[in-house]
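A.B. asks: So that you have it, the file is run18.cif, and it contains mmCIF, C-alpha atoms and all ligand atoms:
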```cif
data_work
loop_
_atom_site.label_atom_id
_atom_site.label_comp_id
_atom_site.auth_asym_id
_atom_site.auth_seq_id
_atom_site.Cartn_x
_atom_site.Cartn_y
_atom_site.Cartn_z
CA MET A 1 -15.29 22.27 -0.63
CA THR A 2 -12.10 21.22 -2.44
CA THR A 3 -12.33 18.46 -5.01
CA TRP A 4 -9.55 15.88 -5.35
CA LEU A 5 -9.31 13.30 -8.10
CA VAL A 6 -8.40 9.89 -6.68
CA ALA A 7 -6.98 7.85 -9.56
CA GLY A 8 -7.27 4.20 -8.52
CA GLY A 9 -9.90 5.07 -5.91
CA ALA A 10 -11.80 1.80 -6.41
CA GLY A 11 -8.84 -0.22 -5.14
CA TYR A 12 -8.11 -1.39 -1.63
CA ILE A 13 -5.95 1.57 -0.59
CA GLY A 14 -7.68 4.10 -2.85
CA ALA A 15 -11.10 3.42 -1.33
CA HIS A 16 -9.66 4.11 2.13
CA VAL A 17 -8.15 7.36 0.85
CA VAL A 18 -11.60 8.36 -0.43
CA ARG A 19 -13.05 7.80 3.06
CA SER A 20 -10.28 9.82 4.73
CA LEU A 21 -10.81 12.69 2.29
CA GLN A 22 -14.53 12.71 3.02
CA ALA A 23 -13.86 12.68 6.77
CA ALA A 24 -11.57 15.69 6.28
CA GLY A 25 -14.30 17.60 4.43
CA ALA A 26 -12.85 17.26 0.92
CA GLN A 27 -14.83 16.11 -2.10
CA PRO A 28 -13.29 13.05 -3.80
CA VAL A 29 -13.97 12.02 -7.39
CA VAL A 30 -12.67 8.62 -8.50
CA LEU A 31 -11.10 7.68 -11.81
CA ASP A 32 -10.50 3.94 -12.09
CA ASP A 33 -10.28 1.46 -14.96
CA LEU A 34 -11.75 -1.22 -12.64
CA SER A 35 -9.06 -3.68 -13.72
CA THR A 36 -8.69 -4.72 -10.10
CA GLY A 37 -10.89 -2.19 -8.31
CA ASP A 38 -14.44 -2.72 -7.12
CA PRO A 39 -17.08 -0.09 -8.04
CA LEU A 40 -19.12 -1.05 -4.96
CA ARG A 41 -16.39 0.31 -2.73
CA VAL A 42 -16.40 3.79 -4.20
CA GLY A 43 -19.47 5.65 -2.90
CA VAL A 44 -18.58 8.94 -4.66
CA PRO A 45 -18.65 9.96 -8.35
CA LEU A 46 -16.79 7.29 -10.36
CA ILE A 47 -15.42 7.79 -13.85
CA LYS A 48 -14.51 4.47 -15.41
CA GLY A 49 -11.40 4.98 -17.47
CA ASP A 50 -7.67 5.03 -17.75
CA ILE A 51 -5.25 7.71 -16.55
CA ALA A 52 -3.56 7.30 -19.93
CA ASP A 53 -6.67 8.68 -21.65
CA THR A 54 -5.56 12.31 -21.69
CA GLU A 55 -8.80 13.58 -23.18
CA LEU A 56 -10.87 11.90 -20.47
CA VAL A 57 -8.57 13.13 -17.69
CA VAL A 58 -8.55 16.70 -19.03
CA ASP A 59 -12.33 16.64 -19.27
CA THR A 60 -12.68 15.24 -15.73
CA LEU A 61 -10.25 17.75 -14.20
CA ARG A 62 -12.17 20.60 -15.83
CA ARG A 63 -15.66 19.30 -15.18
CA TYR A 64 -15.10 18.77 -11.46
CA GLN A 65 -12.75 21.76 -11.02
CA VAL A 66 -10.22 19.47 -9.44
CA ALA A 67 -7.67 21.05 -7.08
CA GLY A 68 -5.23 18.15 -7.12
CA VAL A 69 -4.70 14.49 -7.93
CA ILE A 70 -3.95 11.50 -5.72
CA GLN A 71 -2.38 8.93 -8.01
CA LEU A 72 -2.82 5.30 -6.96
CA ALA A 73 -3.79 3.83 -10.34
CA ALA A 74 -0.94 1.38 -10.83
CA ASP A 75 0.02 -2.29 -10.74
CA LYS A 76 1.66 -3.47 -7.53
CA GLN A 77 2.68 -7.11 -7.57
CA VAL A 78 6.41 -7.59 -7.33
CA GLU A 79 6.45 -11.14 -8.63
CA GLN A 80 4.15 -10.32 -11.57
CA SER A 81 6.40 -7.38 -12.46
CA MET A 82 9.33 -9.78 -12.90
CA ARG A 83 7.29 -11.76 -15.43
CA GLN A 84 5.65 -8.80 -17.20
CA PRO A 85 8.06 -5.85 -17.09
CA LEU A 86 6.57 -4.21 -20.18
CA THR A 87 3.14 -4.12 -18.58
CA TYR A 88 4.59 -2.51 -15.44
CA TYR A 89 6.58 0.11 -17.35
CA ARG A 90 3.53 0.91 -19.47
CA ARG A 91 1.00 1.12 -16.65
CA ASN A 92 3.19 2.61 -13.93
CA VAL A 93 5.45 4.91 -15.96
CA VAL A 94 3.90 5.68 -19.36
CA ASN A 95 0.42 6.12 -17.88
CA LEU A 96 1.79 8.41 -15.16
CA LEU A 97 3.42 10.52 -17.88
CA GLN A 98 0.03 10.76 -19.59
CA LEU A 99 -1.62 11.82 -16.34
CA LEU A 100 1.00 14.53 -15.78
CA THR A 101 0.45 15.73 -19.34
CA ALA A 102 -3.29 16.13 -18.72
CA MET A 103 -2.65 17.89 -15.38
CA GLN A 104 -0.27 20.31 -17.08
CA GLU A 105 -2.78 21.05 -19.82
CA VAL A 106 -5.45 22.02 -17.28
CA GLY A 107 -3.06 23.69 -14.84
CA VAL A 108 -3.66 21.26 -11.96
CA ALA A 109 -0.41 21.51 -10.01
CA LYS A 110 -0.79 19.36 -6.89
CA LEU A 111 -0.07 15.65 -6.76
CA VAL A 112 0.12 12.99 -4.08
CA PHE A 113 1.88 9.97 -5.56
CA SER A 114 1.71 6.43 -4.28
CA SER A 115 5.31 5.23 -4.15
CA SER A 116 6.71 2.23 -2.33
CA ALA A 117 9.39 0.97 0.01
CA ALA A 118 10.28 -1.23 -2.97
CA VAL A 119 12.37 1.72 -4.28
CA TYR A 120 15.01 0.89 -1.65
CA GLY A 121 15.70 -2.74 -2.59
CA MET A 122 17.93 -4.62 -0.15
CA ILE A 123 18.31 -2.61 3.02
CA GLU A 124 21.27 -2.53 5.35
CA GLY A 125 21.00 -1.27 8.90
CA ASP A 126 18.07 -1.13 11.29
CA ASP A 127 15.78 1.17 9.35
CA VAL A 128 15.73 3.16 6.16
CA ARG A 129 15.60 6.92 5.66
CA GLU A 130 14.35 8.75 2.58
CA SER A 131 17.88 10.04 1.91
CA ASP A 132 19.32 6.50 1.83
CA GLU A 133 20.31 4.91 -1.43
CA THR A 134 17.52 3.72 -3.73
CA ALA A 135 18.39 0.50 -5.55
CA PRO A 136 15.20 -1.39 -6.46
CA ILE A 137 15.56 -5.08 -7.18
CA ASN A 138 12.47 -5.65 -9.31
CA PRO A 139 10.59 -3.87 -12.13
CA TYR A 140 7.81 -2.85 -9.74
CA GLY A 141 10.26 -0.92 -7.53
CA GLU A 142 12.00 0.49 -10.61
CA THR A 143 8.77 1.85 -12.04
CA LYS A 144 7.94 3.54 -8.73
CA LEU A 145 11.38 5.14 -8.56
CA ILE A 146 11.17 6.31 -12.18
CA GLY A 147 7.74 7.72 -11.33
CA GLU A 148 9.30 9.76 -8.52
CA TRP A 149 11.99 11.06 -10.90
CA LEU A 150 9.41 11.99 -13.52
CA ILE A 151 7.41 13.91 -10.94
CA GLN A 152 10.51 15.65 -9.54
CA ASP A 153 11.52 16.75 -13.04
CA GLN A 154 8.04 18.03 -13.80
CA ALA A 155 8.03 19.88 -10.46
CA ARG A 156 11.30 21.60 -11.38
CA ALA A 157 10.14 22.45 -14.89
CA ALA A 158 6.48 23.30 -14.39
CA GLY A 159 5.99 24.12 -10.72
CA LEU A 160 4.14 20.93 -9.80
CA ARG A 161 3.84 20.53 -6.00
CA TYR A 162 4.04 16.92 -4.88
CA ALA A 163 4.28 14.42 -2.08
CA ALA A 164 5.60 10.97 -2.97
CA LEU A 165 4.57 8.58 -0.22
CA ARG A 166 6.69 5.46 0.07
CA TYR A 167 4.27 2.92 1.48
CA PHE A 168 5.60 0.10 3.63
CA ASN A 169 3.50 -3.07 4.21
CA VAL A 170 -0.17 -2.12 4.17
CA VAL A 171 -2.58 -4.24 6.24
CA GLY A 172 -6.09 -4.12 7.64
CA ALA A 173 -9.43 -2.63 6.71
CA GLY A 174 -11.36 0.44 7.77
CA SER A 175 -14.56 -1.58 7.27
CA SER A 176 -15.40 -5.00 5.85
CA GLU A 177 -16.51 -3.69 2.45
CA LEU A 178 -13.13 -2.00 2.01
CA ALA A 179 -11.03 -5.10 2.80
CA ASP A 180 -8.11 -6.28 0.68
CA HIS A 181 -9.41 -8.83 -1.84
CA GLY A 182 -5.88 -9.54 -3.03
CA ARG A 183 -4.19 -12.80 -2.25
CA THR A 184 -0.55 -11.88 -2.60
CA ASN A 185 0.46 -10.38 0.75
CA LEU A 186 1.16 -12.05 4.06
CA VAL A 187 -2.00 -11.40 6.10
CA PRO A 188 -4.44 -12.10 3.22
CA MET A 189 -2.49 -15.28 2.45
CA VAL A 190 -2.67 -16.46 6.06
CA LEU A 191 -6.43 -15.80 6.10
CA ASP A 192 -6.76 -17.59 2.77
CA ALA A 193 -4.92 -20.63 4.17
CA MET A 194 -7.30 -20.63 7.16
CA ARG A 195 -10.27 -20.57 4.83
CA ARG A 196 -8.90 -23.56 2.94
CA LYS A 197 -8.10 -25.29 6.25
CA ALA A 198 -4.48 -25.34 5.12
CA ARG A 199 -1.34 -24.32 6.98
CA PRO A 200 0.20 -20.91 6.24
CA VAL A 201 3.65 -20.96 4.69
CA ILE A 202 6.64 -19.01 5.95
CA PHE A 203 8.98 -18.16 3.10
CA GLY A 204 12.25 -19.12 4.79
CA ASP A 205 13.36 -19.06 8.42
CA ASP A 206 17.08 -18.77 7.73
CA HIS A 207 17.20 -15.01 7.11
CA PRO A 208 19.64 -12.91 9.18
CA THR A 209 16.90 -11.71 11.58
CA PRO A 210 16.18 -12.50 15.26
CA ASP A 211 13.84 -15.44 14.55
CA GLY A 212 15.09 -16.16 11.03
CA THR A 213 11.90 -14.97 9.30
CA CYS A 214 11.68 -11.71 7.35
CA VAL A 215 10.96 -8.48 9.20
CA ARG A 216 8.62 -5.84 7.76
CA ASP A 217 7.11 -2.53 8.85
CA TYR A 218 3.31 -2.97 8.77
CA ILE A 219 0.98 0.01 8.50
CA HIS A 220 -2.79 0.10 8.98
CA VAL A 221 -4.47 1.10 5.73
CA SER A 222 -6.57 3.75 7.53
CA ASP A 223 -3.42 5.37 8.96
CA LEU A 224 -1.90 5.30 5.48
CA ALA A 225 -5.05 6.91 4.05
CA ASP A 226 -4.85 9.66 6.68
CA ALA A 227 -1.24 10.32 5.65
CA HIS A 228 -2.58 11.30 2.19
CA VAL A 229 -4.84 13.91 3.76
CA ALA A 230 -1.92 15.23 5.82
CA ALA A 231 0.18 15.36 2.64
CA ILE A 232 -2.48 17.46 0.89
CA GLY A 233 -2.17 19.98 3.72
CA ALA A 234 1.59 20.18 3.12
CA LEU A 235 1.02 21.05 -0.56
CA ALA A 236 -0.43 24.43 0.35
CA GLN A 237 3.07 25.90 0.18
CA PRO A 238 4.31 26.89 -3.31
CA GLY A 239 7.26 24.74 -4.36
CA ALA A 240 6.33 21.98 -1.93
CA SER A 241 8.09 18.70 -2.69
CA HIS A 242 8.17 15.82 -0.26
CA VAL A 243 9.37 12.24 -0.44
CA LEU A 244 8.22 10.46 2.71
CA ASN A 245 8.26 7.00 4.23
CA VAL A 246 4.86 5.90 5.50
CA GLY A 247 5.24 3.14 8.06
CA CYS A 248 5.01 2.56 11.80
CA GLY A 249 8.73 2.74 12.37
CA ARG A 250 8.93 -0.73 13.90
CA GLY A 251 9.38 -4.19 12.46
CA TYR A 252 7.57 -7.46 13.01
CA SER A 253 8.74 -10.84 11.80
CA VAL A 254 6.59 -13.12 9.65
CA ARG A 255 6.29 -15.45 12.64
CA GLU A 256 5.10 -12.61 14.87
CA VAL A 257 2.45 -11.66 12.31
CA ILE A 258 1.20 -15.26 12.03
CA ASP A 259 1.15 -15.54 15.84
CA MET A 260 -0.91 -12.34 15.98
CA VAL A 261 -3.44 -13.78 13.50
CA ALA A 262 -3.70 -16.88 15.71
CA GLN A 263 -4.21 -14.78 18.86
CA VAL A 264 -6.75 -12.41 17.36
CA SER A 265 -8.77 -15.13 15.63
CA GLY A 266 -8.54 -17.77 18.34
CA HIS A 267 -7.46 -20.26 15.66
CA PRO A 268 -4.23 -22.08 16.42
CA LEU A 269 -1.91 -21.86 13.42
CA ASP A 270 0.93 -24.20 12.64
CA PRO A 271 2.90 -22.68 9.78
CA ILE A 272 5.03 -24.70 7.39
CA VAL A 273 8.49 -23.34 6.69
CA GLY A 274 9.09 -23.25 2.94
CA ASP A 275 11.91 -21.95 0.80
CA ARG A 276 12.85 -18.30 0.73
CA ARG A 277 10.87 -16.30 -1.85
CA PRO A 278 13.27 -14.95 -4.49
CA GLY A 279 13.95 -11.24 -4.12
CA ASP A 280 12.72 -10.91 -0.51
CA PRO A 281 14.91 -8.57 1.53
CA ALA A 282 15.51 -9.86 5.08
CA SER A 283 14.36 -6.72 6.84
CA VAL A 284 12.54 -3.55 5.70
CA VAL A 285 11.67 -1.04 8.42
CA ALA A 286 10.89 2.65 7.92
CA ASN A 287 12.52 5.51 9.70
CA THR A 288 9.53 7.80 10.19
CA ASP A 289 11.25 10.91 11.60
CA LEU A 290 10.79 12.88 8.39
CA ILE A 291 7.07 12.29 7.93
CA SER A 292 6.31 13.11 11.55
CA ALA A 293 8.39 16.29 11.37
CA THR A 294 6.97 17.34 7.98
CA LEU A 295 3.31 16.38 8.26
CA GLY A 296 2.85 15.94 12.00
CA TRP A 297 1.53 12.49 11.10
CA ARG A 298 2.21 9.24 12.86
CA ALA A 299 0.59 5.82 12.78
CA ARG A 300 -2.07 5.32 15.45
CA HIS A 301 -2.73 1.60 15.01
CA ASP A 302 -0.45 -1.25 16.06
CA LEU A 303 -0.17 -4.72 14.55
CA ARG A 304 -2.96 -6.10 16.73
CA ASP A 305 -5.37 -3.42 15.42
CA MET A 306 -4.34 -4.15 11.85
CA VAL A 307 -4.81 -7.90 12.16
CA ARG A 308 -8.05 -7.49 14.11
CA SER A 309 -9.56 -5.28 11.42
CA ALA A 310 -8.51 -7.70 8.66
CA TRP A 311 -9.95 -10.60 10.67
CA GLU A 312 -13.25 -8.84 11.35
CA ALA A 313 -13.62 -8.03 7.66
CA GLU A 314 -12.88 -11.67 6.87
CA LEU A 315 -15.52 -12.89 9.31
CA ARG A 316 -18.14 -10.79 7.56
CA THR A 317 -17.24 -11.85 4.04
CA ALA A 318 -16.05 -15.46 4.22
CA SER A 319 -17.04 -18.71 5.82
CA LEU A 320 -14.16 -19.59 8.04
CA PRO A 321 -13.78 -22.68 10.19
CA SER A 322 -15.24 -22.30 13.70
CA PRO A 323 -12.80 -21.03 16.31
CA ALA A 324 -10.97 -23.67 18.30
CA PRO A 325 -12.32 -24.19 21.83
CA SER A 326 -9.21 -22.65 23.40
CA PRO A 327 -7.65 -19.43 22.09
CA ASP A 328 -4.24 -20.71 23.21
CA ALA A 329 -2.42 -21.54 19.98
CA SER A 330 0.67 -23.15 21.52
CA GLY A 331 1.69 -26.48 20.10
CA SER A 332 -1.59 -27.25 18.34
CA THR A 333 -1.65 -28.49 14.77
CA SER A 334 -5.41 -28.50 14.30
CA GLU A 335 -5.31 -26.04 11.39
CA GLY A 336 -2.97 -28.40 9.48
N1 LIG B 1 5.39 -14.12 3.38
C1 LIG B 1 5.38 -15.42 3.86
N2 LIG B 1 4.34 -16.22 3.51
C2 LIG B 1 3.31 -15.80 2.74
C3 LIG B 1 3.33 -14.47 2.25
C4 LIG B 1 4.39 -13.65 2.59
O1 LIG B 1 6.29 -15.84 4.57
O2 LIG B 1 2.40 -16.59 2.48
C5 LIG B 1 6.47 -13.22 3.80
C6 LIG B 1 7.29 -12.67 2.66
O3 LIG B 1 8.33 -13.56 2.33
C7 LIG B 1 7.78 -11.36 3.27
C8 LIG B 1 6.67 -10.95 4.22
O4 LIG B 1 5.88 -12.11 4.43
O5 LIG B 1 8.93 -11.60 4.00
C9 LIG B 1 5.78 -9.88 3.66
O6 LIG B 1 5.40 -10.28 2.34
P1 LIG B 1 4.32 -9.48 1.48
O7 LIG B 1 4.17 -10.23 0.20
O8 LIG B 1 3.11 -9.26 2.30
O9 LIG B 1 4.98 -8.06 1.26
P2 LIG B 1 6.41 -7.66 0.69
O10 LIG B 1 7.21 -7.17 1.84
O11 LIG B 1 7.01 -8.71 -0.15
O12 LIG B 1 6.00 -6.51 -0.31
C10 LIG B 1 5.33 -5.36 0.14
C11 LIG B 1 4.35 -4.90 -0.92
C12 LIG B 1 5.07 -4.51 -2.17
C13 LIG B 1 6.15 -3.52 -1.85
C14 LIG B 1 7.05 -4.02 -0.76
C15 LIG B 1 8.00 -2.94 -0.35
O13 LIG B 1 3.43 -5.93 -1.21
O14 LIG B 1 4.16 -3.94 -3.07
O15 LIG B 1 6.28 -4.36 0.39
O16 LIG B 1 8.88 -3.37 0.62
F1 LIG B 1 6.91 -3.33 -2.94
#
```
How does the structure come out when it is put into structure tokens?
C.D. replies:
Amino acid sequence: MTTWLVAGGAGYIGAHVVRSLQAAGAQPVVLDDLSTGDPLRVGVPLIKGDIADTELVVDTLRRYQVAGVIQLAADKQVEQSMRQPLTYYRRNVVNLLQLLTAMQEVGVAKLVFSSSAAVYGMIEGDDVRESDETAPINPYGETKLIGEWLIQDQARAAGLRYAALRYFNVVGAGSSELADHGRTNLVPMVLDAMRRKARPVIFGDDHPTPDGTCVRDYIHVSDLADAHVAAIGALAQPGASHVLNVGCGRGYSVREVIDMVAQVSGHPLDPIVGDRRPGDPASVVANTDLISATLGWRARHDLRDMVRSAWEAELRTASLPSPAPSPDASGSTSEG
């Protein structure tokens, strides 16, 4: 059985990747500093530590005879990256360099890298292809793009095989214990507002989109995790190098997402329209032709599945207000 090191495997996405690897018959080992991750999610050997600790990584790669690395150990909050750029460059770029150094020392030459749609910045047109211009508008997106460059250069110089997966908006949960504990993205924030009996906030409804709210490409976290397994398969070829969008290939507006939460939960929601959030592009939708042609992968879950799985996880872990008597959300302000 092949062993893969999942750096950041105690996090929300990483823990789903671990499950997908197991389902595919691979043997995951997790390296995580537990800065945001949860050891209870892991369920496979866990080494607590930092990818920057070259000695520890070298030792781990050797001890477990690791075939390749899935690198998700990074910081991911756009707004925080604007306030703490040095932290983001250190953790997302310098630490990646350290990880690549350890991999080179041991001769581990396969890498799946967690990149982001944030590398594109403001997007023009209906959807975005991997060959389109990259122009990140925040340090988070910059560090992901620099990470891709670093990996490409190392591939050219040292024969590293890689897949850089540009994640779009990740939602949902494969099971309640793997749910997103974060409170910075749209669906978790809507659920959080429900828990506080507050109204969700829409960051601006004057964007140049059909209903004025921002449009994003949402992807179920289990589909995203499966894309990592598909990417591993594509690294069998010597010289393999792939940069791939991972999304559904269709956009939903913030209003549509909030409406879906109301439908799925049976809780009427009456969002407040606030100011635009600085740095939010109006519309970010993936073109997924390349990933389906390269990996034969495509998303299986739609927005309803994503929201339902997030809601079910929430029901098991939080005390939410009782559902309204009627699931029809129209016109009600009872969540106000
Ligand atoms: N939004 C609201 N209200 C909220 C929370 C979010 O209206 O309470 C809106 C945002 O303005 C945005 C959309 O919902 O238009 C999605 O926001 P998220 O914060 O969930 O996600 P982003 O699109 O801002 O960012 C996500 C990832 C980033 C990644 C980026 C790439 O969180 O890590 O996609 O496009 F960089």
A.B. asks: Residues within 6 Å of ligand LIG 1 (chain B), counting only C-alpha atoms and all ligand atoms: report them as a JSON list (two decimals) with C-alpha atoms, keeping the file's coordinate frame.
C.D. replies:
```json
[["chain", "number", "residue", "atom", "x", "y", "z"],
["A", 76, "LYS", "CA", 1.66, -3.47, -7.53],
["A", 77, "GLN", "CA", 2.68, -7.11, -7.57],
["A", 116, "SER", "CA", 6.71, 2.23, -2.33],
["A", 117, "ALA", "CA", 9.39, 0.97, 0.01],
["A", 118, "ALA", "CA", 10.28, -1.23, -2.97],
["A", 168, "PHE", "CA", 5.60, 0.10, 3.63],
["A", 169, "ASN", "CA", 3.50, -3.07, 4.21],
["A", 184, "THR", "CA", -0.55, -11.88, -2.60],
["A", 185, "ASN", "CA", 0.46, -10.38, 0.75],
["A", 186, "LEU", "CA", 1.16, -12.05, 4.06],
["A", 189, "MET", "CA", -2.49, -15.28, 2.45],
["A", 201, "VAL", "CA", 3.65, -20.96, 4.69],
["A", 202, "ILE", "CA", 6.64, -19.01, 5.95],
["A", 203, "PHE", "CA", 8.98, -18.16, 3.10],
["A", 214, "CYS", "CA", 11.68, -11.71, 7.35],
["A", 254, "VAL", "CA", 6.59, -13.12, 9.65],
["A", 277, "ARG", "CA", 10.87, -16.30, -1.85],
["A", 280, "ASP", "CA", 12.72, -10.91, -0.51]]
```
A.B. asks: Taking (0.2, 18.0, -20.0) in the file's coordinates as the center, which residues reach within 12 Å of it, counting all atoms listed in the file, put as a PyMOL selection string?
C.D. replies: chain A and resi 52-55+57-58+61+96-109+154+158+160
A.B. asks: What would the file look like if the residues just selected were written as a short mmCIF file (atom, residue, chain, number, x, y, z; two decimals), in the coordinates of the input with C-alpha atoms?
C.D. replies:
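What follows is the written file result.cif:
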```
data_model
loop_
_atom_site.label_atom_id
_atom_site.label_comp_id
_atom_site.auth_asym_id
_atom_site.auth_seq_id
_atom_site.Cartn_x
_atom_site.Cartn_y
_atom_site.Cartn_z
CA ALA A 52 -3.56 7.30 -19.93
CA ASP A 53 -6.67 8.68 -21.65
CA THR A 54 -5.56 12.31 -21.69
CA GLU A 55 -8.80 13.58 -23.18
CA VAL A 57 -8.57 13.13 -17.69
CA VAL A 58 -8.55 16.70 -19.03
CA LEU A 61 -10.25 17.75 -14.20
CA LEU A 96 1.79 8.41 -15.16
CA LEU A 97 3.42 10.52 -17.88
CA GLN A 98 0.03 10.76 -19.59
CA LEU A 99 -1.62 11.82 -16.34
CA LEU A 100 1.00 14.53 -15.78
CA THR A 101 0.45 15.73 -19.34
CA ALA A 102 -3.29 16.13 -18.72
CA MET A 103 -2.65 17.89 -15.38
CA GLN A 104 -0.27 20.31 -17.08
CA GLU A 105 -2.78 21.05 -19.82
CA VAL A 106 -5.45 22.02 -17.28
CA GLY A 107 -3.06 23.69 -14.84
CA VAL A 108 -3.66 21.26 -11.96
CA ALA A 109 -0.41 21.51 -10.01
CA GLN A 154 8.04 18.03 -13.80
CA ALA A 158 6.48 23.30 -14.39
CA LEU A 160 4.14 20.93 -9.80
#
```
A.B. asks: Which neighbours of Glu133 (chain A) fall inside 12 Å, counting only C-alpha atoms, when residues of the same chain fewer than 3 positions from it are skipped, and could you give them as a ChimeraX atom specification?
C.D. replies: /A:117-124,128-130,136,145
A.B. asks: One number please: CA of Gln22 (chain A) to CA of Gly296 (chain A), in Å, one decimal.
C.D. replies: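 We find that CA of Gln22 (chain A) and CA of Gly296 (chain A) lie 19.8 Å from each other.
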A.B. asks: Which one of A:Val18, A:Ala10, A:Val243, A:Pro278 sits closest to Asp132 (chain A) if you count all atoms listed in the file?
C.D. replies: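 Residue with the minimum atom-to-atom distance to Asp132 (chain A): A:Val243.
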A.B. asks: Tell me which of A:Gly172, A:Asp126, A:Pro281, A:Thr143 sits closest to Gly249 (chain A), counting only C-alpha atoms.
C.D. replies: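 Smallest separation from Gly249 (chain A) among the options: A:Asp126.
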A.B. asks: Within 8 Å of Leu34 (chain A), counting all atoms listed in the file, which residues show up once you throw out same-chain ones fewer than 4 positions away? Write them as a list in words, please.
C.D. replies: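 Neighbouring residues, sequence-local ones excluded: Ala10, Asp38, Pro39, Lys48 and Gly49 of chain A.
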A.B. asks: Find the distance between CA of Trp4 (chain A) and CA of Ser131 (chain A) and write it in Å to one decimal.
C.D. replies: 29.0 Å
A.B. asks: State, in Å with one decimal place, the distance from CA of Asp206 (chain A) to CA of Ala310 (chain A).
C.D. replies: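 According to the coordinates, CA of Asp206 (chain A) and CA of Ala310 (chain A) are separated by 27.9 Å.
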A.B. asks: Using all atoms listed in the file, pick whichever of A:Arg63, A:Arg161, A:Arg156, A:Arg300 has the shortest atom-to-atom distance to Leu224 (chain A).
C.D. replies: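 Ranking A:Arg63, A:Arg161, A:Arg156, A:Arg300 by distance to Leu224 (chain A), first place goes to A:Arg300.
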A.B. asks: List as number ranges by chain the protein and nucleic acid residues near Val42 (chain A), meaning an atom at most 12 Å away when all atoms listed in the file are counted, but skip any in the same chain fewer than 2 places from it.
C.D. replies: A: 6-19, 22, 28-32, 34, 37-40, 44-48, 177-178
A.B. asks: Given the choices A:Trp149, A:Ser253, A:Val66, A:Val264, which gets closest to His207 (chain A) if the distance is worked out from all atoms listed in the file?
C.D. replies: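 Ranked by minimum distance to His207 (chain A), first place goes to A:Ser253.
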A.B. asks: Under the rule that all atoms listed in the file are counted, which of A:Ile137, A:Val215, A:Val257, A:His267 is the nearest residue to Lys197 (chain A)?
C.D. replies: A:His267
A.B. asks: Quick one: residues within 9 Å of Thr294 (chain A), only C-alpha atoms counted, chain neighbours fewer than 6 positions away excluded, as a list of chain:residue names?
C.D. replies: A:Ala231, A:Ala234, A:His242, A:Leu244
A.B. asks: What would the file look like if the residues just selected were written as a CSV table (one decimal), keeping the file's coordinate frame with C-alpha atoms?
C.D. replies:
```csv
chain,number,residue,atom,x,y,z
A,231,ALA,CA,0.2,15.4,2.6
A,234,ALA,CA,1.6,20.2,3.1
A,242,HIS,CA,8.2,15.8,-0.3
A,244,LEU,CA,8.2,10.5,2.7
```
A.B. asks: Identify which of the residues A:Thr288, A:Ser20, A:Ser309, A:Ser175 lies closest to Arg250 (chain A), counting all atoms listed in the file when measuring atom-to-atom distances.
C.D. replies: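 Ranked by minimum distance to Arg250 (chain A), first place goes to A:Thr288.
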A.B. asks: Around all listed atoms of region 8-27 of chain A, padded 8 Å per side, what centre and edge lengths does the axis-aligned box have in Å to one decimal, as lines of an AutoDock Vina configuration file?
C.D. replies:
```
center_x = -10.4
center_y = 8.1
center_z = -0.9
size_x = 24.9
size_y = 35.0
size_z = 31.3
```
A.B. asks: Just the residues within 7 Å of Phe113 (chain A), please, counting all atoms listed in the file, with nothing from its chain fewer than 3 positions along; format it as a compact mmCIF listing (two decimals) with C-alpha atoms, in the frame of the given file.
C.D. replies:
```
# COMPACT_ATOMS: atom_id res chain seq x y z
CA ILE A 70 -3.95 11.50 -5.72
CA GLN A 71 -2.38 8.93 -8.01
CA LEU A 72 -2.82 5.30 -6.96
CA ALA A 163 4.28 14.42 -2.08
CA ALA A 164 5.60 10.97 -2.97
CA LEU A 165 4.57 8.58 -0.22
```
A.B. asks: Since the input has fewer atoms than a full residue there, write region 252-260 of chain A out with N, CA and C atoms, as a compact mmCIF listing (two decimals), keeping the file's coordinate frame.
C.D. replies:
```txt
# COMPACT_ATOMS: atom_id res chain seq x y z
N TYR A 252 8.07 -6.20 12.47
CA TYR A 252 7.57 -7.46 13.01
C TYR A 252 8.00 -8.57 12.07
N SER A 253 8.34 -9.71 12.64
CA SER A 253 8.74 -10.84 11.80
C SER A 253 7.49 -11.55 11.27
N VAL A 254 7.70 -12.34 10.22
CA VAL A 254 6.59 -13.12 9.65
C VAL A 254 5.97 -14.01 10.74
N ARG A 255 6.82 -14.61 11.55
CA ARG A 255 6.29 -15.45 12.64
C ARG A 255 5.44 -14.65 13.63
N GLU A 256 5.88 -13.45 13.94
CA GLU A 256 5.10 -12.61 14.87
C GLU A 256 3.74 -12.25 14.27
N VAL A 257 3.72 -12.00 12.97
CA VAL A 257 2.45 -11.66 12.31
C VAL A 257 1.51 -12.87 12.35
N ILE A 258 2.04 -14.05 12.03
CA ILE A 258 1.20 -15.26 12.03
C ILE A 258 0.71 -15.54 13.46
N ASP A 259 1.57 -15.36 14.44
CA ASP A 259 1.15 -15.54 15.84
C ASP A 259 0.02 -14.56 16.20
N MET A 260 0.12 -13.35 15.69
CA MET A 260 -0.91 -12.34 15.98
C MET A 260 -2.25 -12.76 15.35
```
